[in-house]
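For reference, run.cif (mmCIF, C-alpha atoms):
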```
data_run
#
loop_
_atom_site.group_PDB
_atom_site.id
_atom_site.type_symbol
_atom_site.label_atom_id
_atom_site.label_comp_id
_atom_site.auth_asym_id
_atom_site.auth_seq_id
_atom_site.Cartn_x
_atom_site.Cartn_y
_atom_site.Cartn_z
ATOM 1 C CA MET W 1 -103.745 -119.758 50.273
ATOM 2 C CA THR W 2 -104.079 -118.367 46.797
ATOM 3 C CA GLU W 3 -105.176 -120.558 43.906
ATOM 4 C CA ILE W 4 -102.477 -120.192 41.247
ATOM 5 C CA ALA W 5 -103.191 -121.360 37.702
ATOM 6 C CA PHE W 6 -100.330 -121.735 35.245
ATOM 7 C CA TYR W 7 -101.364 -121.197 31.624
ATOM 8 C CA HIS W 8 -98.839 -122.702 29.205
ATOM 9 C CA LEU W 9 -99.297 -120.695 25.991
ATOM 10 C CA GLU W 10 -98.298 -122.875 23.065
ATOM 11 C CA LYS W 11 -100.938 -122.343 20.375
ATOM 12 C CA SER W 12 -102.158 -118.797 21.006
ATOM 13 C CA PRO W 13 -100.224 -115.730 22.120
ATOM 14 C CA LEU W 14 -100.926 -113.757 25.270
ATOM 15 C CA GLU W 15 -102.731 -111.123 23.179
ATOM 16 C CA GLN W 16 -105.431 -113.679 22.308
ATOM 17 C CA VAL W 17 -105.633 -115.474 25.652
ATOM 18 C CA LEU W 18 -105.597 -112.564 28.112
ATOM 19 C CA PRO W 19 -108.769 -110.806 26.856
ATOM 20 C CA LYS W 20 -110.792 -114.032 27.087
ATOM 21 C CA LEU W 21 -109.613 -114.699 30.650
ATOM 22 C CA LEU W 22 -110.406 -111.109 31.601
ATOM 23 C CA GLU W 23 -113.904 -111.453 30.110
ATOM 24 C CA LYS W 24 -114.471 -114.489 32.338
ATOM 25 C CA THR W 25 -113.081 -112.616 35.339
ATOM 26 C CA LEU W 26 -115.460 -109.695 34.857
ATOM 27 C CA GLY W 27 -118.316 -112.119 34.154
ATOM 28 C CA ALA W 28 -117.666 -113.662 37.573
ATOM 29 C CA GLY W 29 -117.955 -110.213 39.166
ATOM 30 C CA LYS W 30 -114.250 -109.999 40.014
ATOM 31 C CA ARG W 31 -111.688 -107.259 39.487
ATOM 32 C CA ALA W 32 -108.322 -107.917 37.834
ATOM 33 C CA LEU W 33 -104.809 -106.575 38.064
ATOM 34 C CA VAL W 34 -102.631 -107.322 35.032
ATOM 35 C CA LEU W 35 -98.953 -107.056 35.902
ATOM 36 C CA ALA W 36 -96.723 -106.622 32.849
ATOM 37 C CA GLY W 37 -92.963 -106.576 32.490
ATOM 38 C CA SER W 38 -92.672 -102.889 31.534
ATOM 39 C CA GLU W 39 -94.639 -99.693 30.946
ATOM 40 C CA ARG W 40 -94.158 -100.185 27.212
ATOM 41 C CA ARG W 41 -95.809 -103.605 27.496
ATOM 42 C CA VAL W 42 -98.661 -102.113 29.554
ATOM 43 C CA GLU W 43 -99.403 -99.729 26.686
ATOM 44 C CA ALA W 44 -99.277 -102.553 24.141
ATOM 45 C CA LEU W 45 -101.689 -104.664 26.203
ATOM 46 C CA THR W 46 -104.119 -101.799 26.697
ATOM 47 C CA GLY W 47 -104.190 -101.425 22.919
ATOM 48 C CA VAL W 48 -104.973 -105.133 22.635
ATOM 49 C CA LEU W 49 -107.914 -104.801 25.032
ATOM 50 C CA TRP W 50 -109.409 -102.089 22.800
ATOM 51 C CA THR W 51 -108.985 -104.017 19.558
ATOM 52 C CA TYR W 52 -108.824 -107.771 20.241
ATOM 53 C CA GLU W 53 -112.206 -108.537 18.707
ATOM 54 C CA GLN W 54 -114.620 -106.610 16.483
ATOM 55 C CA GLY W 55 -117.374 -105.084 18.606
ATOM 56 C CA SER W 56 -115.885 -106.098 21.953
ATOM 57 C CA TRP W 57 -114.742 -103.861 24.755
ATOM 58 C CA LEU W 58 -113.214 -104.522 28.157
ATOM 59 C CA ALA W 59 -113.367 -101.744 30.721
ATOM 60 C CA HIS W 60 -109.790 -101.156 31.850
ATOM 61 C CA GLY W 61 -107.288 -98.490 32.738
ATOM 62 C CA THR W 62 -103.641 -97.679 33.344
ATOM 63 C CA GLU W 63 -101.690 -95.111 35.309
ATOM 64 C CA GLN W 64 -102.150 -92.705 32.388
ATOM 65 C CA ASP W 65 -105.929 -92.965 32.813
ATOM 66 C CA GLY W 66 -105.885 -92.496 36.576
ATOM 67 C CA SER W 67 -108.662 -93.423 39.019
ATOM 68 C CA PRO W 68 -107.637 -97.063 39.527
ATOM 69 C CA GLU W 69 -110.433 -97.541 42.063
ATOM 70 C CA ASP W 70 -112.918 -97.067 39.183
ATOM 71 C CA GLN W 71 -111.248 -99.603 36.892
ATOM 72 C CA PRO W 72 -112.367 -103.264 36.976
ATOM 73 C CA VAL W 73 -109.162 -104.176 35.088
ATOM 74 C CA TRP W 74 -105.946 -102.327 35.921
ATOM 75 C CA LEU W 75 -102.833 -102.780 33.781
ATOM 76 C CA THR W 76 -99.526 -101.861 35.373
ATOM 77 C CA ALA W 77 -95.833 -102.627 35.673
ATOM 78 C CA ALA W 78 -95.918 -101.851 39.431
ATOM 79 C CA ASP W 79 -96.669 -104.484 42.063
ATOM 80 C CA ASP W 80 -99.471 -102.470 43.709
ATOM 81 C CA ASN W 81 -103.143 -103.461 43.839
ATOM 82 C CA LEU W 82 -104.570 -99.982 43.331
ATOM 83 C CA ASN W 83 -107.949 -101.142 41.974
ATOM 84 C CA GLY W 84 -108.746 -103.649 44.743
ATOM 85 C CA ALA W 85 -108.449 -106.645 42.411
ATOM 86 C CA GLU W 86 -109.212 -110.168 43.595
ATOM 87 C CA PHE W 87 -107.479 -111.770 40.595
ATOM 88 C CA LEU W 88 -103.853 -111.212 39.580
ATOM 89 C CA PHE W 89 -102.583 -111.869 36.045
ATOM 90 C CA LEU W 90 -98.804 -112.182 35.703
ATOM 91 C CA THR W 91 -97.555 -111.702 32.146
ATOM 92 C CA ASP W 92 -94.174 -111.433 30.429
ATOM 93 C CA GLY W 93 -92.380 -113.073 33.338
ATOM 94 C CA ALA W 94 -93.556 -110.405 35.795
ATOM 95 C CA THR W 95 -93.562 -111.509 39.425
ATOM 96 C CA SER W 96 -95.357 -110.260 42.509
ATOM 97 C CA GLU W 97 -94.395 -110.265 46.161
ATOM 98 C CA ARG W 98 -98.127 -110.025 46.950
ATOM 99 C CA VAL W 99 -99.515 -113.201 45.333
ATOM 100 C CA GLY W 100 -100.944 -114.267 48.697
ATOM 101 C CA ASP W 101 -103.144 -111.141 48.792
ATOM 102 C CA TYR W 102 -105.292 -112.381 45.882
ATOM 103 C CA GLU W 103 -107.989 -115.066 45.583
ATOM 104 C CA ARG W 104 -106.519 -116.280 42.312
ATOM 105 C CA CYS W 105 -103.353 -115.728 40.350
ATOM 106 C CA PHE W 106 -102.912 -116.524 36.660
ATOM 107 C CA GLU W 107 -99.342 -117.209 35.525
ATOM 108 C CA LEU W 108 -99.361 -116.813 31.740
ATOM 109 C CA PHE W 109 -96.135 -117.928 30.084
ATOM 110 C CA ASP W 110 -94.935 -118.482 26.532
ATOM 111 C CA GLY W 111 -94.379 -122.197 25.988
ATOM 112 C CA ARG W 112 -92.245 -121.496 22.919
ATOM 113 C CA ASP W 113 -89.652 -119.644 25.001
ATOM 114 C CA ALA W 114 -87.352 -122.049 26.891
ATOM 115 C CA ALA W 115 -86.318 -119.369 29.403
ATOM 116 C CA ALA W 116 -89.971 -118.543 30.163
ATOM 117 C CA VAL W 117 -90.753 -122.242 30.678
ATOM 118 C CA ASP W 118 -87.780 -122.653 33.036
ATOM 119 C CA ALA W 119 -88.797 -119.560 34.997
ATOM 120 C CA ALA W 120 -92.383 -120.857 35.271
ATOM 121 C CA ARG W 121 -91.071 -124.177 36.607
ATOM 122 C CA SER W 122 -89.081 -122.326 39.264
ATOM 123 C CA ARG W 123 -92.123 -120.271 40.270
ATOM 124 C CA TRP W 124 -94.262 -123.448 40.383
ATOM 125 C CA LYS W 125 -91.835 -124.979 42.872
ATOM 126 C CA ALA W 126 -91.648 -121.819 44.998
ATOM 127 C CA TYR W 127 -95.451 -121.460 45.090
ATOM 128 C CA GLY W 128 -95.854 -125.132 45.980
ATOM 129 C CA ASP W 129 -93.282 -124.831 48.750
ATOM 130 C CA ALA W 130 -95.244 -121.836 50.082
ATOM 131 C CA GLY W 131 -98.425 -123.949 50.233
ATOM 132 C CA HIS W 132 -100.431 -122.376 47.411
ATOM 133 C CA ASP W 133 -103.017 -124.449 45.496
ATOM 134 C CA LEU W 134 -101.551 -125.010 42.013
ATOM 135 C CA THR W 135 -103.130 -126.002 38.701
ATOM 136 C CA TYR W 136 -101.589 -126.362 35.267
ATOM 137 C CA TRP W 137 -103.473 -125.647 32.030
ATOM 138 C CA ARG W 138 -102.214 -126.568 28.583
ATOM 139 C CA GLN W 139 -103.689 -125.451 25.269
ATOM 140 C CA THR W 140 -105.371 -128.144 23.197
ATOM 141 C CA GLU W 141 -105.128 -128.541 19.421
ATOM 142 C CA ALA W 142 -108.645 -127.087 19.151
ATOM 143 C CA GLY W 143 -107.563 -123.921 20.987
ATOM 144 C CA GLY W 144 -109.246 -124.733 24.300
ATOM 145 C CA TRP W 145 -107.659 -125.579 27.614
ATOM 146 C CA GLN W 146 -107.020 -128.884 29.349
ATOM 147 C CA LYS W 147 -106.255 -129.083 33.042
ATOM 148 C CA LYS W 148 -103.386 -131.440 33.802
ATOM 149 C CA GLN W 149 -104.430 -134.065 36.300
ATOM 150 C CA ASP W 150 -102.268 -134.715 39.350
#
```
Represent the structure contained in this file as structure tokens.
Amino acid sequence: MTEIAFYHLEKSPLEQVLPKLLEKTLGAGKRALVLAGSERRVEALTGVLWTYEQGSWLAHGTEQDGSPEDQPVWLTAADDNLNGAEFLFLTDGATSERVGDYERCFELFDGRDAAAVDAARSRWKAYGDAGHDLTYWRQTEAGGWQKKQD
């Protein structure tokens, strides 16, 4: 089963959290698929990955760039693993019918949006019922992450 980690974004927005998680993913030698809610959001996130920090750069691509097999991070609104990613990042409430095809899945949801929290709770239950290994991470006051203990 896939290890699914829920990241409850309360202190920092997705635009700050996603690049750091992708850095760790690439540092672990893994490929990532970032599934966004729309093509417009894909373009916004690709802009973030170019500019999130002075002097930083994350190799990534989108459908506009082509050659997904050459991209260690692929941003898309389509539920297709065209770059052979081992890790799936679900953003903006995007869902995938292929979660079980990945080693790890990261559910990133906005804790300040009641509808997003409710949707994440529903997905948590569905994933648990399907037998996936679930973890829940909450942002700390210092900006780090704390894993909720069972």
Exercise. Counting all atoms listed in the file, what is within 12 Å of Thr51 (chain W), bar same-chain residues fewer than 6 positions away, as number ranges by chain?
Worked result: W: 15-16, 19, 44-45, 57-58
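What separates CA of Asp79 (chain W) from CA of Asp92 (chain W) is a distance of 13.8 Å.
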For this session: Give me the result of the PyMOL selection byres ((chain W and resi 111) around 12) on this file, residue by residue, as a VMD selection string.
Result: chain W and resid 6 to 14 92 to 93 107 to 110 112 to 121 137 to 139
Exercise. For the atom pair CA of His132 (chain W) and CA of Thr95 (chain W), what is the interatomic distance in Å to one decimal place?
Worked result: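 That distance, rounded to one decimal, is 15.1 Å.
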Exercise. Which polymer residues have any atom within 8 Å of an atom of Arg31 (chain W), counting only C-alpha atoms, with same-chain residues fewer than 2 positions away left out, as a PyMOL selection string?
Worked result: chain W and resi 25-26+29+33+72-73+83-87
Exercise. Selected by the PyMOL selection byres ((chain W and resi 69) around 7) in the shown coordinates: which residues, as a ChimeraX atom specification?
Worked result: /W:67-68,70-71,82-84
Kindly list the centre and edge lengths in Å, rounded to one decimal, for the axis-aligned box that covers all listed atoms of region 25-35 of chain W plus 5 Å on each of its six sides, as JSON.
```
{"center_x": -108.6, "center_y": -110.1, "center_z": 37.1, "size_x": 29.4, "size_y": 17.1, "size_z": 15.9}
```
Exercise. Suppose you want the space between CA of Trp74 (chain W) and CA of Thr2 (chain W); what is it in Å?
Worked result: 19.5 Å
Seminar exercise, completed: For Ser38 (chain W), the closest of W:Ser96, W:Glu141, W:Asp101, W:Leu75 counting all atoms listed in the file is W:Leu75
For this session: Would you translate the PyMOL selection byres ((chain W and resi 3) around 6) into the concrete set of residues it matches in this file, as a VMD selection string?
Result: chain W and resid 2 4 104 133
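Restricting the calculation to all atoms listed in the file, the smallest distance between Leu18 (chain W) and any of W:Val42, W:Leu49, W:Ala59, W:Ala142 is found for W:Leu49.
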For this session: Could you tell me which of W:Ala32, W:Glu23, W:Gly37, W:Tyr127 comes closest to Tyr102 (chain W) if we count only C-alpha atoms?
Result: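 Of W:Ala32, W:Glu23, W:Gly37, W:Tyr127, the one nearest Tyr102 (chain W) is W:Ala32, counting only C-alpha atoms.
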Problem set entry | Best match for closeness to Glu53 (chain W) among W:Lys20, W:Thr91, W:Arg123, W:Trp145, counting all atoms listed in the file | W:Lys20
